[in-house]
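This is structure.tsv. It holds TSV, C-alpha atoms.
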```
chain	number	residue	atom	x	y	z
A	1	ASP	CA	113.66	87.52	127.67
A	2	VAL	CA	113.88	85.53	124.46
A	3	LYS	CA	116.32	82.65	124.63
A	4	VAL	CA	117.75	80.14	122.16
A	5	THR	CA	120.50	77.93	123.51
A	6	GLN	CA	122.80	75.48	121.79
A	7	SER	CA	124.40	72.54	123.54
A	8	SER	CA	128.03	73.36	122.79
A	9	ARG	CA	129.98	76.45	121.73
A	10	TYR	CA	132.92	74.42	120.42
A	11	LEU	CA	133.06	70.80	119.31
A	12	VAL	CA	135.85	68.70	117.81
A	13	LYS	CA	134.97	65.37	116.21
A	14	ARG	CA	136.72	62.80	114.08
A	15	THR	CA	135.79	61.86	110.51
A	16	GLY	CA	133.08	59.20	110.49
A	17	GLU	CA	131.70	59.98	113.95
A	18	LYS	CA	128.00	60.57	114.51
A	19	VAL	CA	127.46	64.09	115.79
A	20	PHE	CA	124.46	65.58	117.57
A	21	LEU	CA	123.90	69.32	117.84
A	22	GLU	CA	121.09	70.35	120.17
A	23	CYS	CA	119.04	73.52	120.15
A	24	VAL	CA	116.47	74.58	122.73
A	25	GLN	CA	114.16	77.62	122.69
A	26	ASP	CA	111.99	78.85	125.52
A	27	MET	CA	109.63	81.03	123.50
A	28	ASP	CA	107.05	78.41	122.47
A	29	HIS	CA	107.93	79.01	118.81
A	30	GLU	CA	106.53	76.64	116.19
A	31	ASN	CA	109.24	77.20	113.58
A	32	MET	CA	112.86	76.23	114.09
A	33	PHE	CA	115.82	76.32	111.71
A	34	TRP	CA	119.37	75.03	111.33
A	35	TYR	CA	121.90	77.04	109.32
A	36	ARG	CA	125.56	76.69	108.65
A	37	GLN	CA	127.73	79.80	108.38
A	38	ASP	CA	130.85	79.84	106.22
A	39	PRO	CA	133.05	82.82	105.31
A	40	GLY	CA	131.98	84.43	102.07
A	41	LEU	CA	128.82	82.33	101.86
A	42	GLY	CA	126.71	83.84	104.61
A	43	LEU	CA	124.14	81.57	106.23
A	44	ARG	CA	122.71	78.63	104.35
A	45	LEU	CA	119.61	76.76	105.46
A	46	ILE	CA	120.11	73.07	106.19
A	47	TYR	CA	116.70	72.01	107.55
A	48	PHE	CA	113.72	73.59	109.21
A	49	SER	CA	110.73	72.39	111.19
A	50	TYR	CA	107.29	73.98	111.47
A	51	ASP	CA	105.87	71.65	114.09
A	52	VAL	CA	106.74	68.70	116.29
A	53	LYS	CA	107.83	65.72	114.17
A	54	MET	CA	107.59	67.84	110.99
A	55	LYS	CA	110.65	68.76	108.97
A	56	GLU	CA	111.54	70.22	105.60
A	57	LYS	CA	114.80	70.24	103.68
A	58	GLY	CA	116.53	73.52	103.20
A	59	ASP	CA	119.09	74.40	100.57
A	60	ILE	CA	121.92	72.10	101.68
A	61	PRO	CA	120.47	69.04	103.49
A	62	GLU	CA	122.91	66.46	102.16
A	63	GLY	CA	124.83	64.71	104.94
A	64	TYR	CA	122.48	65.96	107.65
A	65	SER	CA	119.27	64.87	109.32
A	66	VAL	CA	117.12	66.42	112.04
A	67	SER	CA	114.82	65.44	114.84
A	68	ARG	CA	112.04	67.36	116.57
A	69	GLU	CA	110.34	65.29	119.24
A	70	LYS	CA	109.36	68.23	121.44
A	71	LYS	CA	108.33	71.73	120.47
A	72	GLU	CA	111.21	73.41	122.26
A	73	ARG	CA	114.02	71.17	120.99
A	74	PHE	CA	115.43	70.77	117.48
A	75	SER	CA	118.41	68.51	116.90
A	76	LEU	CA	120.81	68.43	113.96
A	77	ILE	CA	122.50	65.10	113.26
A	78	LEU	CA	125.58	64.44	111.20
A	79	GLU	CA	125.33	60.70	110.53
A	80	SER	CA	128.98	60.34	109.53
A	81	ALA	CA	130.95	63.54	109.97
A	82	SER	CA	133.26	64.65	107.19
A	83	THR	CA	135.90	67.38	107.07
A	84	ASN	CA	133.76	69.49	104.72
A	85	GLN	CA	131.21	69.78	107.53
A	86	THR	CA	133.63	71.84	109.58
A	87	SER	CA	131.67	75.04	110.06
A	88	MET	CA	129.71	77.27	112.40
A	89	TYR	CA	126.19	75.95	113.01
A	90	LEU	CA	123.42	78.32	114.03
A	91	CYS	CA	119.96	77.48	115.27
A	92	ALA	CA	117.02	79.90	115.09
A	93	SER	CA	113.33	79.99	115.92
A	94	THR	CA	110.31	82.11	115.07
A	95	LEU	CA	106.56	82.26	115.40
A	96	PRO	CA	104.38	81.55	112.34
A	97	GLY	CA	103.83	84.78	110.46
A	98	GLY	CA	106.40	86.56	112.61
A	99	HIS	CA	109.42	87.33	110.53
A	100	GLU	CA	112.08	87.97	113.15
A	101	GLN	CA	114.19	84.91	113.75
A	102	TYR	CA	115.89	84.53	117.10
A	103	PHE	CA	119.32	82.95	116.95
A	104	GLY	CA	121.38	80.89	119.33
A	105	PRO	CA	125.08	81.68	119.90
A	106	GLY	CA	126.26	79.02	117.46
A	107	THR	CA	128.36	75.84	117.66
A	108	ARG	CA	131.74	75.88	115.98
A	109	LEU	CA	132.30	72.30	114.80
A	110	THR	CA	135.69	71.06	113.67
A	111	VAL	CA	135.92	67.65	112.01
A	112	THR	CA	139.44	66.25	111.82
B	1	GLY	CA	115.58	81.92	92.68
B	2	ASP	CA	115.57	84.59	95.34
B	3	SER	CA	118.95	85.95	96.35
B	4	VAL	CA	120.71	88.73	98.25
B	5	THR	CA	123.95	90.43	97.25
B	6	GLN	CA	125.85	92.68	99.61
B	7	MET	CA	129.13	94.50	99.34
B	8	GLU	CA	132.25	92.59	100.21
B	9	GLY	CA	134.18	93.53	103.26
B	10	PRO	CA	135.95	94.19	105.32
B	11	VAL	CA	134.91	97.78	105.70
B	12	THR	CA	137.34	99.72	107.87
B	13	LEU	CA	136.34	103.11	109.24
B	14	SER	CA	137.45	105.60	111.83
B	15	GLU	CA	135.13	106.43	114.70
B	16	GLU	CA	132.44	109.00	113.78
B	17	ALA	CA	132.71	108.24	110.05
B	18	PHE	CA	129.65	107.72	107.86
B	19	LEU	CA	128.77	104.13	107.06
B	20	THR	CA	127.06	102.66	104.01
B	21	ILE	CA	126.78	98.93	103.36
B	22	ASN	CA	125.12	98.16	100.04
B	23	CYS	CA	122.54	95.42	99.66
B	24	THR	CA	120.53	94.46	96.58
B	25	TYR	CA	118.09	91.62	96.17
B	26	THR	CA	116.36	89.48	93.59
B	27	ALA	CA	112.92	88.19	94.48
B	28	THR	CA	109.49	87.57	93.08
B	29	GLY	CA	106.60	89.36	94.66
B	30	TYR	CA	107.08	91.57	97.70
B	31	PRO	CA	109.60	90.18	100.18
B	32	SER	CA	110.31	91.54	103.62
B	33	LEU	CA	113.86	92.81	104.10
B	34	PHE	CA	116.12	92.67	107.14
B	35	TRP	CA	119.49	93.62	108.50
B	36	TYR	CA	120.96	91.30	111.11
B	37	VAL	CA	124.14	91.95	113.08
B	38	GLN	CA	126.57	89.43	114.56
B	39	TYR	CA	128.91	90.69	117.27
B	40	PRO	CA	132.09	88.69	117.93
B	41	GLY	CA	131.36	85.34	119.53
B	42	GLU	CA	127.58	85.72	119.35
B	43	GLY	CA	124.66	84.62	117.23
B	44	LEU	CA	122.78	86.94	114.90
B	45	GLN	CA	120.33	89.51	116.17
B	46	LEU	CA	117.82	91.57	114.27
B	47	LEU	CA	118.98	95.14	113.69
B	48	LEU	CA	116.09	96.49	111.62
B	49	LYS	CA	113.48	95.46	109.09
B	50	ALA	CA	111.09	96.78	106.42
B	51	THR	CA	108.09	94.92	105.12
B	52	LYS	CA	106.95	97.01	102.15
B	53	ALA	CA	108.25	99.40	99.54
B	54	ASP	CA	109.42	102.83	100.81
B	55	ASP	CA	109.38	101.65	104.43
B	56	LYS	CA	112.36	102.83	106.46
B	57	GLY	CA	113.66	100.58	109.21
B	58	SER	CA	115.74	102.16	111.96
B	59	ASN	CA	117.42	101.12	115.19
B	60	LYS	CA	120.47	102.21	117.23
B	61	GLY	CA	121.23	105.00	114.73
B	62	PHE	CA	121.17	102.65	111.75
B	63	GLU	CA	118.70	103.14	108.91
B	64	ALA	CA	117.72	101.35	105.71
B	65	THR	CA	115.00	102.14	103.16
B	66	TYR	CA	113.20	99.50	101.10
B	67	ARG	CA	113.63	100.65	97.49
B	68	LYS	CA	111.60	98.49	95.16
B	69	GLU	CA	112.58	100.44	92.02
B	70	THR	CA	116.26	99.68	92.59
B	71	THR	CA	115.71	96.43	94.54
B	72	SER	CA	117.97	97.74	97.28
B	73	PHE	CA	118.07	97.98	101.07
B	74	HIS	CA	121.32	99.81	101.88
B	75	LEU	CA	122.37	100.14	105.52
B	76	GLU	CA	123.53	103.57	106.74
B	77	LYS	CA	124.74	105.16	109.93
B	78	GLY	CA	125.77	108.76	110.30
B	79	SER	CA	128.49	108.30	112.90
B	80	VAL	CA	129.89	104.87	113.72
B	81	GLN	CA	131.38	103.83	117.04
B	82	VAL	CA	133.98	101.21	117.93
B	83	SER	CA	131.16	99.16	119.44
B	84	ASP	CA	129.56	98.87	115.98
B	85	SER	CA	132.37	96.55	114.87
B	86	ALA	CA	130.58	93.37	113.80
B	87	VAL	CA	129.43	91.39	110.78
B	88	TYR	CA	126.28	92.70	109.11
B	89	PHE	CA	123.95	90.47	107.11
B	90	CYS	CA	121.25	91.59	104.70
B	91	ALA	CA	118.38	89.10	104.35
B	92	LEU	CA	115.01	88.68	102.74
B	93	SER	CA	111.94	86.67	103.59
B	94	PRO	CA	110.11	85.62	100.43
B	95	PHE	CA	106.56	86.82	100.06
B	96	SER	CA	105.26	83.30	99.79
B	97	GLY	CA	107.46	81.98	102.59
B	98	GLY	CA	104.86	80.73	105.01
B	99	TYR	CA	107.51	79.30	107.27
B	100	ASN	CA	109.43	82.57	107.45
B	101	LYS	CA	112.53	81.25	105.77
B	102	LEU	CA	115.30	83.79	105.41
B	103	ILE	CA	117.74	84.12	102.53
B	104	PHE	CA	120.99	85.78	103.59
B	105	GLY	CA	123.71	87.72	101.87
B	106	ALA	CA	127.34	86.76	102.43
B	107	GLY	CA	127.83	89.25	105.24
B	108	THR	CA	129.99	92.37	105.50
B	109	ARG	CA	132.54	92.73	108.27
B	110	LEU	CA	132.84	96.23	109.73
B	111	ALA	CA	135.87	97.28	111.75
B	112	VAL	CA	135.77	100.69	113.44
B	113	HIS	CA	138.98	102.15	114.84
B	114	PRO	CA	139.28	104.88	117.48
```
Any chance you could give the structure as structure tokens?
Amino acid sequence: DVKVTQSSRYLVKRTGEKVFLECVQDMDHENMFWYRQDPGLGLRLIYFSYDVKMKEKGDIPEGYSVSREKKERFSLILESASTNQTSMYLCASTLPGGHEQYFGPGTRLTVT
Amino acid sequence: GDSVTQMEGPVTLSEEAFLTINCTYTATGYPSLFWYVQYPGEGLQLLLKATKADDKGSNKGFEATYRKETTSFHLEKGSVQVSDSAVYFCALSPFSGGYNKLIFGAGTRLAVHP
């Protein structure tokens, strides 16, 4: 069965902290994505990766970075968390040419 | 740029009512179109998809037809159940999107009451 897991369901951090969100998939997918979900805005793409050590900016990359050292793991990093980064973060993966994206359960991050 | 517009929610229906959630898109070329569903406390999961004009996607009693002439992909179900209560997202994958990026609408919350 297809599986995408995220390291935390809920996270509370203080302004200025460095935050790591981890995503792991067990499907041997090349492509992985990080989205944030906000009411009324749907999902917006932050970064994606099409191979190990490769990354591309999405629509809203400012304030974020990513790391992909292994095929199955894609990390989202908030270098210095701010209150406007309070959101739901969703990770997804897919095969090249395969359009269905498989999503993790999400991490609800609150920055105070 | 490419975009997806879907009707605002929430949509509130009684059990066994007919459901329509409107979705229109703007895109160059021939995108693939999707409906994803998010049940409370979960991530998104694919509900149905269509990859070319006039295709009909269907799953779990839901249907949507890819209408290129009206650039629409409306979601329908003949008789909703309480268990259908969720947030529904319309999305497109651009024709030239080699990395399978998805562009999402804002989402429509559906609440079904017994």
Find the spatial neighbours of stretch 52-59 of chain B, counting all atoms listed in the file, within a cut-off of 9 Å - ignore same-chain residues fewer than 3 positions away - and output them as a count of residues only. 16
Can you work out the spacing between atom CA of A:Phe48 and atom CA of B:Gln45 in Å, to one decimal?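 These atoms are spaced 18.6 Å apart.
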What is the distance, in Å and to one decimal place, between atom CA of A:Glu62 and atom CA of A:Val4?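 Computing it gives 24.8 Å between the two atoms.
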Using all atoms listed in the file and a distance of at most 6 Å, pull out the residues of chain B that contact chain A, as a PyMOL selection string. chain B and resi 42-44+100+104-107
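Put simply, atom CA of A:Arg73 is 12.3 Å away from atom CA of A:Phe20.
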From the list A:Ser87, A:Ser67, A:Ser82, A:Gln25, which residue is nearest A:Lys3 when using all atoms listed in the file? A:Gln25
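Closest to B:Ser85 among B:Ser14, B:Thr28, B:Thr71, B:Thr51 is B:Ser14, based on all atoms listed in the file.
When all atoms listed in the file are used to measure the gap to A:Tyr10, the shortest distance among B:Leu13, B:Gly41, B:Leu75, B:Ser3 belongs to B:Gly41.
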Here is a test: counting only C-alpha atoms, which residue of B:Ala17, B:Glu8, B:Tyr36, B:Gly61 is nearest to B:Ala91? B:Tyr36
Pick from B:Val4, B:Leu46, B:Ile103, B:Val37: nearest to B:Tyr88, with only C-alpha atoms counted? B:Val37
Using only C-alpha atoms, the best pick from A:Ile46, A:Val24, A:Met88, A:Leu11 as closest to A:Ser65 would be A:Ile46
What box, with edges along x, y and z, holds each listed atom of stretch 21-34 of chain A when 8 Å is added on every side, and can you state its centre and edge lengths in Å to one decimal, as JSON?
```
{"center_x": 115.2, "center_y": 75.2, "center_z": 118.4, "size_x": 33.4, "size_y": 27.7, "size_z": 30.2}
```
